[in-house]
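Heads up, the thing below is written out as structure tokens.
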Amino acid sequence: MTSTPTVATPSVLNGPAAAPAAALLTRIAGMALLAGAAAFFAGLLSTSAPDGDGQSAYNAAAAAHPVTYQISGVLLHYGNLLLGVGVLALPALVRARRGALLTGIGAALSALTLVNLAGAIAIDWYNLELGRQLPGEAGAAISDAATGHALYQVAFTPGPFSLIGMLLLFVGLSRAQAMGWWSVAGIVLGTACLILLPYENPVLPALGVLPMLAVFAAAGIRLLRVE
């Protein structure tokens, strides 16, 4: 009578063996949140201040300061991208069912909208060249027409979904006692300042968004401490 050969199960499939890789990814996500918050702040701070309102003023500011405008665009692109990657790991902070569903949905929606915003920064280079190549109103008309398409709005303008995702994420983390409720207030205050403060003085929105960036940085530190 022949015996059936035993097939060894690869250790990578066993729960304990997967822990080091999961811990490494969690720490990478924590570093991404810290780096993303710093890059986003620096990108806002280095934004070329427009001399007035409207798209023509923004295009003119870009044409007048092409180097700093591009540096700002790169920093904002990677700031959004790193934050979007980092938030996907935040459900790892939840240790029980309480708050888990909200955290998971919020992390997915936040990641989607932040990565979406990172891609939308590409329009800055088109606005730069429109400001350099065409008279103010003519270039602005093209910028407005391009971003006015309905499917552009679907692809690159998450609108309220960005705030909704972040609120769900940090309400869930607060309910799970992984973050304090101050984090929810920081998200609301930082988003309001980002929308309402005038960009004629870039220092104001850069400082105004600090409460929101502080929340992401604190979450990143907590990920670095996950065992």
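Note on naming: chains are A, B, ... as they come in the structure tokens, residues start from 1 per chain, ligands start from 1 in the order shown.
Close contacts of A:Ser72, defined as residues with an atom at most 10 Å away when counting only C-alpha atoms, with chain neighbours fewer than 2 positions off set aside, comprise Ala39, Phe40, Phe41, Ala42, Gly43, Leu44, Leu45, Ser46, Thr47, Ser48, Pro66, Val67, Thr68, Tyr69, Gln70, Val74, Leu75, Leu76, His77, Ile121 and Asp124 of chain A.
The protein and nucleic acid residues lying at most 8 Å from stretch 114-117 of chain A are His77, Asn80, Leu81, Leu83, Gly84, Val85, Ser110, Ala111, Leu112, Gly119, Ala120, Ile121, Ala155, Phe156, Thr157, Pro158 and Ser162 of chain A, with only C-alpha atoms considered and sequence neighbours fewer than 2 positions away removed.
If you measure from each of A:Gly190, A:Ala118, A:Ile164, A:Trp181 to A:Leu210 using only C-alpha atoms, the closest one turns out to be A:Gly190.
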Taking only C-alpha atoms into account, produce a table as a tab-separated table in which each residue of stretch 34-142 of chain A with an atom at most 10 Å from an atom of stretch 220-226 of chain A appears once, together with its shortest atom pair and the distance in Å to one decimal, ordered by chain and rising number.
residue	atom	partner	partner_atom	distance
A:Leu34	CA	A:Gly220	CA	5.8
A:Ala35	CA	A:Gly220	CA	9.3
A:Gly36	CA	A:Gly220	CA	9.9
A:Ala37	CA	A:Gly220	CA	9.6
A:Leu83	CA	A:Gly220	CA	9.6
A:Gly86	CA	A:Gly220	CA	7.7
A:Val87	CA	A:Gly220	CA	8.6
A:Ala89	CA	A:Leu223	CA	7.8
A:Leu90	CA	A:Leu223	CA	7.2
A:Pro91	CA	A:Leu223	CA	9.8
A:Ala92	CA	A:Leu223	CA	7.8
A:Leu93	CA	A:Leu223	CA	7.0
Please identify all polymer residues within 6 Å of stretch 138-140 of chain A, counting only C-alpha atoms, omitting same-chain residues fewer than 4 positions from it, and present them as number ranges by chain. A: 55-56, 130, 134
Write out, as a PDB file, in the first residue's frame, the residues just selected, with N, CA and C atoms.
ATOM      1  N   GLN A  55      -8.879  82.870 -13.318  1.00  0.00           N
ATOM      2  CA  GLN A  55      -7.893  81.992 -13.932  1.00  0.00           C
ATOM      3  C   GLN A  55      -6.780  82.769 -14.622  1.00  0.00           C
ATOM      4  N   SER A  56      -7.098  83.907 -15.213  1.00  0.00           N
ATOM      5  CA  SER A  56      -6.059  84.687 -15.905  1.00  0.00           C
ATOM      6  C   SER A  56      -4.988  85.150 -14.926  1.00  0.00           C
ATOM      7  N   LEU A 130       0.003  78.291 -21.046  1.00  0.00           N
ATOM      8  CA  LEU A 130      -1.045  79.187 -21.545  1.00  0.00           C
ATOM      9  C   LEU A 130      -0.767  80.617 -21.097  1.00  0.00           C
ATOM     10  N   LEU A 134      -0.135  82.955 -24.462  1.00  0.00           N
ATOM     11  CA  LEU A 134      -1.340  83.646 -24.910  1.00  0.00           C
ATOM     12  C   LEU A 134      -1.652  84.830 -23.997  1.00  0.00           C
TER      13      LEU A 134
END
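Considering only C-alpha atoms, the residue among A:Asn59, A:Ser183, A:Thr103, A:Thr113 positioned nearest to A:Leu169 is A:Thr103.
Between A:Glu200 and the residues A:Leu33, A:Leu102, A:Asp53, A:Glu137, the shortest atom-to-atom distance, using only C-alpha atoms, involves A:Asp53.
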DSSP-assigned alpha helix (DSSP H) among stretch 33-76 of chain A, expressed as a PyMOL selection string: chain A and resi 33-45+55-64+66-76
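Relative to atom CA of A:Leu82, atom CA of A:Ala32 is found at 5.1 Å.
Taking atom CA of A:Thr191 as the reference point, atom CA of A:Val209 is found at 6.5 Å.
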Expressed in Å, the length from atom CA of A:Leu204 to atom CA of A:Gly30 is 27.0 Å
Using only C-alpha atoms, which residue out of A:Thr26, A:Gln153, A:Gln177, A:Ser143 lies closest to A:Leu128? A:Ser143
